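Engineer: If you scroll down you'll find the structure; I have some questions about it.
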Amino acid sequence: MTNKYMYFIANWKMFGDLKTINSLDKVIKFSKSHKKNKFKLIYCPPNTLIRPISKRLGKTNIEVGAQNSHQNLDYGAFTGQVNSKMLKSVGAKYVILGHSENRMAGEDDNLINLKIKNSIKSGLKIIFCIGETLKQKRDKKTNQVLNSQLKKGLKSIIKINDIIIAYEPVWSIGTGLIPSSEELSKSIKFIKSKFGKKSPKVLYGGSVNSKNIDQLKIIPDIDGFLIGGASQNPKKFIDIIKKTIN
Ligand code: 13P
């Protein structure tokens, strides 16, 4: 059991249609029955579902975020893109930036930095993902990579209060693998040490499920979880939350 205020952020990735939204009802019910404010729930669905989900959530204290945003602050001729202002206008309060799936698709640190700055300007809070690849881990470069992603991604950003950091080792995403308790403690501590007393919240993401959550929730300094696959199933998602807070 933990007494800390914990974040549970659902990253639905490219999954879900209008029918999927019905699955939120169970989570809404669960959240209403636990009003003690011990946790914050945030859903990051595909852009197509931001509006309908935020309507369905209504006055609950569950919030909605997006999974990426275009770096431009204004409208422009960018086919297929959506910027942070547009996301905000349909109900998003957060945006995930720097996710490794987007880094792998070509987003570099400078671009991510620009996206973070402009999304903050639009009034969104940022879920900023960092993490090493398997090769970098094997080469013992984890700290070096985290340091560089933090430095470049957060360059000239003063409003650190608007940032939540999600440590997601690339090799743990969707693989069923998680870092050892020792490795994870070290990385979370390392990330927080870069900010001194004013450290943002630091979450863990990568294959979080209701079986490994007992091992993950006891990591000192961990402020919550960014959950992919398991967050699409309301029962699994609720199980993870229950096991963490009870
Ligand atoms: P999984 O929980 O499916 O491994 O995904 C993690 C993730 O990428 C969350 O952003």
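Following the order of the structure tokens, first chain is A, next is B, and so on, with residues numbered from 1 inside each chain and ligands from 1 in the order they appear.
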Would you write out, as JSON lines, a table of all residues in chain A that have an atom no more than 7 Å from an atom of ligand 1, listing for each the closest atom pair and the distance in Å to one decimal, considering only C-alpha atoms and all ligand atoms and ordering rows by chain and rising residue number?

Structural biologist:
{"residue": "A:Asn11", "atom": "CA", "partner": "ligand 1", "partner_atom_place_in_ligand_line": "10 (O)", "distance": 5.3}
{"residue": "A:His99", "atom": "CA", "partner": "ligand 1", "partner_atom_place_in_ligand_line": "10 (O)", "distance": 6.6}
{"residue": "A:Glu168", "atom": "CA", "partner": "ligand 1", "partner_atom_place_in_ligand_line": "8 (O)", "distance": 6.9}
{"residue": "A:Ser172", "atom": "CA", "partner": "ligand 1", "partner_atom_place_in_ligand_line": "4 (O)", "distance": 6.2}
{"residue": "A:Ile173", "atom": "CA", "partner": "ligand 1", "partner_atom_place_in_ligand_line": "4 (O)", "distance": 3.6}
{"residue": "A:Gly174", "atom": "CA", "partner": "ligand 1", "partner_atom_place_in_ligand_line": "4 (O)", "distance": 3.5}
{"residue": "A:Thr175", "atom": "CA", "partner": "ligand 1", "partner_atom_place_in_ligand_line": "4 (O)", "distance": 6.3}
{"residue": "A:Gly176", "atom": "CA", "partner": "ligand 1", "partner_atom_place_in_ligand_line": "4 (O)", "distance": 6.9}
{"residue": "A:Gly205", "atom": "CA", "partner": "ligand 1", "partner_atom_place_in_ligand_line": "6 (C)", "distance": 5.2}
{"residue": "A:Gly206", "atom": "CA", "partner": "ligand 1", "partner_atom_place_in_ligand_line": "4 (O)", "distance": 3.9}
{"residue": "A:Ser207", "atom": "CA", "partner": "ligand 1", "partner_atom_place_in_ligand_line": "4 (O)", "distance": 3.5}
{"residue": "A:Val208", "atom": "CA", "partner": "ligand 1", "partner_atom_place_in_ligand_line": "2 (O)", "distance": 5.1}
{"residue": "A:Leu226", "atom": "CA", "partner": "ligand 1", "partner_atom_place_in_ligand_line": "9 (C)", "distance": 5.1}
{"residue": "A:Ile227", "atom": "CA", "partner": "ligand 1", "partner_atom_place_in_ligand_line": "2 (O)", "distance": 4.4}
{"residue": "A:Gly228", "atom": "CA", "partner": "ligand 1", "partner_atom_place_in_ligand_line": "2 (O)", "distance": 3.4}
{"residue": "A:Gly229", "atom": "CA", "partner": "ligand 1", "partner_atom_place_in_ligand_line": "3 (O)", "distance": 3.8}
{"residue": "A:Ala230", "atom": "CA", "partner": "ligand 1", "partner_atom_place_in_ligand_line": "2 (O)", "distance": 6.1}

Engineer: May I have all residues of region 10-218 of chain A that DSSP, computed from the backbone, assigns to helix (DSSP H, G or I), given as a ChimeraX atom specification?

Structural biologist: /A:18-32,47-57,84-89,100-104,109-121,134-138,142-153,160-162,170-172,181-193,196-198,213-217

Engineer: What lies within 9 Å of Trp171 (chain A) using only C-alpha atoms, ignoring chain neighbours under 4 positions off, as a PyMOL selection string?

Structural biologist: chain A and resi 131-135+137+175+177-178+206

Engineer: Could you save the residues just selected, with N, CA, C and O atoms, as a PDB file, in the first residue's frame?

Structural biologist:
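Output (again_10.pdb):
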ATOM      1  N   GLY A 131      13.680   7.362 -22.244  1.00  0.00           N
ATOM      2  CA  GLY A 131      14.035   5.967 -21.955  1.00  0.00           C
ATOM      3  C   GLY A 131      15.078   5.454 -22.919  1.00  0.00           C
ATOM      4  O   GLY A 131      15.159   5.925 -24.059  1.00  0.00           O
ATOM      5  N   GLU A 132      15.830   4.487 -22.443  1.00  0.00           N
ATOM      6  CA  GLU A 132      16.930   3.943 -23.242  1.00  0.00           C
ATOM      7  C   GLU A 132      16.494   2.713 -24.040  1.00  0.00           C
ATOM      8  O   GLU A 132      15.560   2.019 -23.645  1.00  0.00           O
ATOM      9  N   THR A 133      17.212   2.441 -25.117  1.00  0.00           N
ATOM     10  CA  THR A 133      16.963   1.220 -25.892  1.00  0.00           C
ATOM     11  C   THR A 133      17.706   0.058 -25.220  1.00  0.00           C
ATOM     12  O   THR A 133      18.537   0.276 -24.330  1.00  0.00           O
ATOM     13  N   LEU A 134      17.457  -1.142 -25.716  1.00  0.00           N
ATOM     14  CA  LEU A 134      18.135  -2.316 -25.153  1.00  0.00           C
ATOM     15  C   LEU A 134      19.646  -2.218 -25.367  1.00  0.00           C
ATOM     16  O   LEU A 134      20.440  -2.519 -24.476  1.00  0.00           O
ATOM     17  N   LYS A 135      20.033  -1.737 -26.547  1.00  0.00           N
ATOM     18  CA  LYS A 135      21.469  -1.631 -26.837  1.00  0.00           C
ATOM     19  C   LYS A 135      22.126  -0.628 -25.880  1.00  0.00           C
ATOM     20  O   LYS A 135      23.201  -0.891 -25.331  1.00  0.00           O
ATOM     21  N   LYS A 137      21.125   0.175 -22.978  1.00  0.00           N
ATOM     22  CA  LYS A 137      21.166  -0.426 -21.631  1.00  0.00           C
ATOM     23  C   LYS A 137      22.356  -1.389 -21.533  1.00  0.00           C
ATOM     24  O   LYS A 137      23.121  -1.355 -20.568  1.00  0.00           O
ATOM     25  N   THR A 175       6.649  -5.622 -24.334  1.00  0.00           N
ATOM     26  CA  THR A 175       7.425  -6.869 -24.389  1.00  0.00           C
ATOM     27  C   THR A 175       7.150  -7.798 -23.213  1.00  0.00           C
ATOM     28  O   THR A 175       7.580  -8.949 -23.223  1.00  0.00           O
ATOM     29  N   LEU A 177       8.577  -7.309 -20.481  1.00  0.00           N
ATOM     30  CA  LEU A 177       9.783  -7.188 -19.650  1.00  0.00           C
ATOM     31  C   LEU A 177       9.734  -5.900 -18.843  1.00  0.00           C
ATOM     32  O   LEU A 177       9.307  -4.870 -19.357  1.00  0.00           O
ATOM     33  N   ILE A 178      10.177  -5.969 -17.599  1.00  0.00           N
ATOM     34  CA  ILE A 178      10.283  -4.740 -16.802  1.00  0.00           C
ATOM     35  C   ILE A 178      11.683  -4.687 -16.172  1.00  0.00           C
ATOM     36  O   ILE A 178      12.318  -5.725 -16.012  1.00  0.00           O
ATOM     37  N   GLY A 206       5.876   0.781 -19.311  1.00  0.00           N
ATOM     38  CA  GLY A 206       6.470  -0.349 -20.020  1.00  0.00           C
ATOM     39  C   GLY A 206       5.987  -1.649 -19.420  1.00  0.00           C
ATOM     40  O   GLY A 206       6.412  -2.044 -18.336  1.00  0.00           O
TER      41      GLY A 206
END

Engineer: Just how far from CA of Ser199 (chain A) is CA of Asp239 (chain A), in Å to one decimal?

Structural biologist: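 Answer for the CA of Asp239 (chain A) to CA of Ser199 (chain A) separation: 28.3 Å.
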
Engineer: Residues of region 11-102 of chain A within 7 Å of region 116-122 of chain A: nearest atom pair and distance (Å, one decimal) for each, counting only C-alpha atoms, sorted by chain and number, as JSON lines?

Structural biologist:
{"residue": "A:Gln71", "atom": "CA", "partner": "A:Asn118", "partner_atom": "CA", "distance": 6.4}
{"residue": "A:Leu73", "atom": "CA", "partner": "A:Asn118", "partner_atom": "CA", "distance": 6.0}
{"residue": "A:Ser84", "atom": "CA", "partner": "A:Ser119", "partner_atom": "CA", "distance": 5.2}
{"residue": "A:Lys85", "atom": "CA", "partner": "A:Ser122", "partner_atom": "CA", "distance": 5.4}
{"residue": "A:Leu97", "atom": "CA", "partner": "A:Ile116", "partner_atom": "CA", "distance": 7.0}

Engineer: When distances are computed from only C-alpha atoms, which of A:Ile157, A:Leu150, A:Ile218, A:Ile53 shows the smallest separation from Asn22 (chain A)?

Structural biologist: A:Ile53

Engineer: Could you check how far CA of Lys152 (chain A) sits from CA of Ser69 (chain A), in Å to one decimal?

Structural biologist: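 Distance reported for this atom pair: 18.1 Å.
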
Engineer: With only C-alpha atoms as the counted atoms, please give the residues lying no more than 12 Å from Gly196 (chain A), apart from itself and same-chain residues fewer than 6 positions off, as number ranges by chain.

Structural biologist: A: 160, 189-190

Engineer: DSSP on the backbone: what in region 108-192 of chain A comes out strand (DSSP E or B), as a VMD selection string?

Structural biologist: chain A and resid 125 to 130 163 to 167

Engineer: For the residues selected in the previous step, produce a file with C-alpha atoms as a PDB file, in the first residue's frame.

Structural biologist:
ATOM      1  CA  LYS A 125       0.368  19.799 -19.385  1.00  0.00           C
ATOM      2  CA  ILE A 126       3.081  17.559 -20.758  1.00  0.00           C
ATOM      3  CA  ILE A 127       3.706  13.868 -20.222  1.00  0.00           C
ATOM      4  CA  PHE A 128       7.308  13.772 -21.389  1.00  0.00           C
ATOM      5  CA  CYS A 129       8.632  10.292 -22.214  1.00  0.00           C
ATOM      6  CA  ILE A 130      12.273   9.319 -21.974  1.00  0.00           C
ATOM      7  CA  ILE A 163       5.684  18.576 -16.870  1.00  0.00           C
ATOM      8  CA  ILE A 164       5.234  14.975 -15.783  1.00  0.00           C
ATOM      9  CA  ILE A 165       8.090  12.705 -16.762  1.00  0.00           C
ATOM     10  CA  ALA A 166       7.432   9.138 -17.855  1.00  0.00           C
ATOM     11  CA  TYR A 167      10.440   6.860 -17.741  1.00  0.00           C
TER      12      TYR A 167
END

Engineer: Fewer than 4 positions away in the same chain doesn't count, so skip those; otherwise give me all residues within 10 Å of Lys186 (chain A), counting only C-alpha atoms, as JSON, numbers by chain.

Structural biologist: {"A": [143, 180, 181, 182, 190, 191, 192, 219, 220]}

Engineer: If you measure from CA of Val202 (chain A) to CA of Ile9 (chain A), what distance in Å do you get, rounded to one decimal?

Structural biologist: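 CA of Ile9 (chain A) lies at a distance of 12.0 Å from CA of Val202 (chain A).
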
Engineer: If we count only C-alpha atoms and set the cut-off at 9 Å, which residues sit around Ser210 (chain A), ignoring sequence neighbours fewer than 4 positions away in its own chain? Please answer as a PyMOL selection string.

Structural biologist: chain A and resi 214+230+236-241+243

Engineer: Could you check which of A:Leu111, A:Leu87, A:Glu183, A:Phe78 is closest to Lys155 (chain A), using only C-alpha atoms?

Structural biologist: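 Closest to Lys155 (chain A), using only C-alpha atoms: A:Leu111.
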
Engineer: Here is a test: counting only C-alpha atoms, which residue of A:Gly98, A:Gly65, A:Gly123, A:Pro52 is nearest to Gly153 (chain A)?

Structural biologist: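 Closest residue, counting only C-alpha atoms: A:Gly98.
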